Amino acid sequence: MKRTPKRLDHPAISYFIGLMVILIMLTVLGGMIYHFAFSSQGPGLLMPLVNKYNEKHTSTILKSAQLHQESEIHEHFHQFVDYQEAPEALRPVCYICHSNLPHSKNKQIRAMLNIHTEFFMCETCHLKNEAGIPIEYKWYNPLEATPQGPFFGTAYDPGTGELSMVDDHISRIAPYFRKGAALESTLHMQNAPLARDYLEVRDRLTPEQRASVTKKFHININPKGPECHTCHSSKSILDFKKLGFSPKRTTDIEHLNIVGLITKYNEFYLPDLFKQQENNRTEDQGRP
């Protein structure tokens with residue numbers, strides 16, 4: 001008489017171990033495929049196809065803008081650090097052509113001018129107000145209707161003496177038209193209809209057509225910003241107290257010494273300390 005073999009129930013741990021082994025095998029297999037197909041450290045068998053696809057679908061203007069930005073970063077004197085930024089669609093429309101380091105013509109002061117982009121929207125310095133409408137300045141954050149701060153650059157850390165660290169690195173000071181009891185924004189972001197339309201068709205425009213369209217973005221824009229003393233003085237157009245600046249920070253901004261360096265001096269001289277040391281070393285080696 002045949003006996004039916006008894007069915008064995010495997011413990012749950014055995015199924016878990018089997019699952020882990022399968023996952024490890026799939027991970028190793030995926031890593032091998034990536035290494036041989038796409039990795040720069042491997043043969044890169046599929047990279048020619050990927051590059052061909054990217055070249056076909058990459059905007060020439062976008063590629064040029066990226067190269068321009070990389071060049072600005074390479075030539076910039078100061079060290080760059082990563083910080084929080086607004087989503088691309090909520091960044092100023094100016095960044096489409098000018099990037100977030102727009103000042104590059106005057107090598108003497110371009111670094112100092114570009115520092116201002118950490119605190120101001122572009123229109124704060126370049127707004128053209130031919131109608132003479134009263135302007136008020138307040139903090140703007142594309143992610144918050146009424147940002148509360150504390151805002152970067154408004155106070156010092158008493159322990160280090162440097163600018164206080166804050167969580168909000170997106171808010172910038174922006175100008176608003178005062179119309180009765182209401183404030184009207186002067187800002188234009190990349191999600192505006194005209195900006196979105198331009199981004200979609202700019203690769204198909206001739207240089208003349210592109211220049212004509214970009215003029216619309218500059219209707220209320222002054223190419224040259226205000227003089228330093230417009231803000232860096234006791235008669236500043238900015239109400240630092242209302243904007244949340246500490247008294248010490250306000251005093252330093254109003255009497256910033258760098259303003260004098262920019263307005264008084266055209267040339268800067270550094271002592272040839274290392275050259276002098278090298279000359280002394282050469283003389284010592286030449287002695288018997």
# chains A, B, ... in the order shown; residues from 1 in each chain; ligands from 1
call {"tool": "select_by_dssp", "arguments": {"residues": "region 73-288 of chain A", "states": "strand (DSSP E)", "output": "PyMOL selection string"}}
result
chain A and resi 135-140+172-179+182-185
call {"tool": "residues_around", "arguments": {"residues": "Cys122 (chain A)", "least_positions_apart": "4", "cutoff": "12 Å", "atoms": "only C-alpha atoms", "output": "PyMOL selection string"}}
result
chain A and resi 91-95+98-103+113-114+116-118+126-128+140+172-175+186-189+218+220-225
call {"tool": "write_last_selection", "arguments": {"atoms": "C-alpha atoms", "output": "mmCIF file, in the first residue's frame"}}
result
data_model
loop_
_atom_site.group_PDB
_atom_site.id
_atom_site.type_symbol
_atom_site.label_atom_id
_atom_site.label_comp_id
_atom_site.auth_asym_id
_atom_site.auth_seq_id
_atom_site.Cartn_x
_atom_site.Cartn_y
_atom_site.Cartn_z
ATOM 1 C CA ARG A 91 12.666 81.587 -10.321
ATOM 2 C CA PRO A 92 12.943 85.045 -11.924
ATOM 3 C CA VAL A 93 12.322 85.146 -15.653
ATOM 4 C CA CYS A 94 15.664 86.993 -15.905
ATOM 5 C CA TYR A 95 17.504 83.743 -15.147
ATOM 6 C CA HIS A 98 21.232 85.874 -17.405
ATOM 7 C CA SER A 99 21.534 82.993 -14.880
ATOM 8 C CA ASN A 100 21.688 83.625 -11.136
ATOM 9 C CA LEU A 101 25.110 85.322 -11.516
ATOM 10 C CA PRO A 102 24.111 88.031 -13.982
ATOM 11 C CA HIS A 103 26.862 90.595 -13.346
ATOM 12 C CA LEU A 113 27.367 92.833 -7.376
ATOM 13 C CA ASN A 114 26.591 89.122 -7.627
ATOM 14 C CA HIS A 116 23.437 91.043 -3.915
ATOM 15 C CA THR A 117 21.497 88.282 -5.687
ATOM 16 C CA GLU A 118 21.456 86.415 -2.354
ATOM 17 C CA HIS A 126 16.645 97.262 -11.976
ATOM 18 C CA LEU A 127 12.971 98.261 -11.870
ATOM 19 C CA LYS A 128 12.059 101.199 -14.114
ATOM 20 C CA TYR A 140 9.232 87.718 -1.141
ATOM 21 C CA ARG A 172 14.562 87.893 -1.241
ATOM 22 C CA ILE A 173 13.726 91.583 -0.861
ATOM 23 C CA ALA A 174 11.384 92.632 -3.676
ATOM 24 C CA PRO A 175 9.701 95.883 -4.796
ATOM 25 C CA THR A 186 6.474 93.882 -9.929
ATOM 26 C CA LEU A 187 7.993 90.421 -10.344
ATOM 27 C CA HIS A 188 7.944 88.122 -13.353
ATOM 28 C CA MET A 189 8.647 84.413 -12.883
ATOM 29 C CA HIS A 218 12.828 94.449 -20.426
ATOM 30 C CA ASN A 220 10.161 98.040 -17.148
ATOM 31 C CA ILE A 221 13.821 97.161 -16.553
ATOM 32 C CA ASN A 222 16.791 99.512 -16.216
ATOM 33 C CA PRO A 223 19.995 97.941 -17.571
ATOM 34 C CA LYS A 224 22.063 99.810 -14.941
ATOM 35 C CA GLY A 225 21.335 99.495 -11.252
#
call {"tool": "closest_atom_pairs", "arguments": {"of": "region 84-143 of chain A", "to": "region 237-255 of chain A", "cutoff": "10 Å", "atoms": "only C-alpha atoms", "output": "tab-separated table"}}
result
residue	atom	partner	partner_atom	distance
A:Ile135	CA	A:Ile237	CA	9.5
A:Glu136	CA	A:Leu238	CA	8.4
A:Tyr137	CA	A:Leu238	CA	6.8
A:Lys138	CA	A:Leu243	CA	6.4
A:Trp139	CA	A:Leu243	CA	7.3
call {"tool": "atom_distance", "arguments": {"atom1": "CA of Val166 (chain A)", "atom2": "CA of Pro147 (chain A)"}}
result
12.9 Å
call {"tool": "closest_residue", "arguments": {"among": "A:Gly153, A:Ala211, A:Gln108, A:His229", "to": "Met165 (chain A)", "atoms": "only C-alpha atoms"}}
result
A:Gly153
call {"tool": "closest_residue", "arguments": {"among": "A:Ser64, A:Arg178, A:Ser171, A:Arg210", "to": "Ala145 (chain A)", "atoms": "only C-alpha atoms"}}
result
A:Ser171
call {"tool": "residues_around", "arguments": {"residues": "region 26-35 of chain A", "least_positions_apart": "6", "cutoff": "12 Å", "atoms": "only C-alpha atoms", "output": "list in words"}}
result
Leu19, Met20, Gln41, Gly42, Pro43, Gly44, Leu45, Leu46 and Met47 of chain A
call {"tool": "closest_residue", "arguments": {"among": "A:Ser164, A:Gln66, A:Ser236, A:Thr124", "to": "Ser185 (chain A)", "atoms": "only C-alpha atoms"}}
result
A:Thr124
call {"tool": "select_by_dssp", "arguments": {"residues": "region 180-267 of chain A", "states": "helix (DSSP H, G or I)", "output": "ChimeraX atom specification"}}
result
/A:193-204,207-217,228-230,247-254,257-264
call {"tool": "write_last_selection", "arguments": {"atoms": "C-alpha atoms", "output": "PDB file, in the first residue's frame"}}
result
ATOM      1  CA  PRO A 193       2.465  82.773 -19.684  1.00  0.00           C
ATOM      2  CA  LEU A 194       4.883  84.861 -21.776  1.00  0.00           C
ATOM      3  CA  ALA A 195       7.916  83.130 -20.251  1.00  0.00           C
ATOM      4  CA  ARG A 196       6.453  79.647 -20.762  1.00  0.00           C
ATOM      5  CA  ASP A 197       5.580  80.483 -24.359  1.00  0.00           C
ATOM      6  CA  TYR A 198       9.097  81.813 -24.987  1.00  0.00           C
ATOM      7  CA  LEU A 199      10.731  78.678 -23.520  1.00  0.00           C
ATOM      8  CA  GLU A 200       8.687  76.504 -25.882  1.00  0.00           C
ATOM      9  CA  VAL A 201       9.489  78.378 -29.105  1.00  0.00           C
ATOM     10  CA  ARG A 202      12.859  80.078 -28.545  1.00  0.00           C
ATOM     11  CA  ASP A 203      14.778  77.332 -30.401  1.00  0.00           C
ATOM     12  CA  ARG A 204      12.710  78.049 -33.503  1.00  0.00           C
ATOM     13  CA  PRO A 207      18.027  86.085 -33.695  1.00  0.00           C
ATOM     14  CA  GLU A 208      15.914  89.067 -34.757  1.00  0.00           C
ATOM     15  CA  GLN A 209      12.703  87.456 -33.502  1.00  0.00           C
ATOM     16  CA  ARG A 210      14.376  86.438 -30.242  1.00  0.00           C
ATOM     17  CA  ALA A 211      15.628  89.984 -29.686  1.00  0.00           C
ATOM     18  CA  SER A 212      12.142  91.346 -30.342  1.00  0.00           C
ATOM     19  CA  VAL A 213      10.573  88.981 -27.806  1.00  0.00           C
ATOM     20  CA  THR A 214      13.164  89.595 -25.097  1.00  0.00           C
ATOM     21  CA  LYS A 215      12.489  93.326 -25.361  1.00  0.00           C
ATOM     22  CA  LYS A 216       9.084  92.616 -23.857  1.00  0.00           C
ATOM     23  CA  PHE A 217      10.795  91.229 -20.767  1.00  0.00           C
ATOM     24  CA  CYS A 228      25.833 102.165  -3.931  1.00  0.00           C
ATOM     25  CA  HIS A 229      24.745 105.046  -1.674  1.00  0.00           C
ATOM     26  CA  THR A 230      21.125 104.543  -2.762  1.00  0.00           C
ATOM     27  CA  PRO A 247      20.559  97.504  14.601  1.00  0.00           C
ATOM     28  CA  LYS A 248      24.173  96.281  14.314  1.00  0.00           C
ATOM     29  CA  ARG A 249      23.609  94.813  10.875  1.00  0.00           C
ATOM     30  CA  THR A 250      21.835  97.991   9.742  1.00  0.00           C
ATOM     31  CA  THR A 251      24.737 100.162  10.893  1.00  0.00           C
ATOM     32  CA  ASP A 252      27.251  97.985   9.053  1.00  0.00           C
ATOM     33  CA  ILE A 253      25.218  98.035   5.832  1.00  0.00           C
ATOM     34  CA  GLU A 254      24.773 101.808   5.922  1.00  0.00           C
ATOM     35  CA  ASN A 257      33.598 100.214   3.796  1.00  0.00           C
ATOM     36  CA  ILE A 258      33.620  98.350   0.501  1.00  0.00           C
ATOM     37  CA  VAL A 259      31.547 101.180  -0.980  1.00  0.00           C
ATOM     38  CA  GLY A 260      34.537 103.475  -0.551  1.00  0.00           C
ATOM     39  CA  LEU A 261      36.861 100.948  -2.152  1.00  0.00           C
ATOM     40  CA  ILE A 262      34.647 100.756  -5.219  1.00  0.00           C
ATOM     41  CA  THR A 263      34.085 104.493  -5.613  1.00  0.00           C
ATOM     42  CA  LYS A 264      37.547 105.805  -4.633  1.00  0.00           C
TER      43      LYS A 264
END
call {"tool": "closest_residue", "arguments": {"among": "A:Leu256, A:Val21, A:Pro150, A:Ser234", "to": "Asp167 (chain A)", "atoms": "only C-alpha atoms"}}
result
A:Pro150
call {"tool": "atom_distance", "arguments": {"atom1": "CA of Phe119 (chain A)", "atom2": "CA of Ala86 (chain A)"}}
result
13.7 Å
call {"tool": "atom_distance", "arguments": {"atom1": "CA of Gly180 (chain A)", "atom2": "CA of Glu130 (chain A)"}}
result
18.2 Å
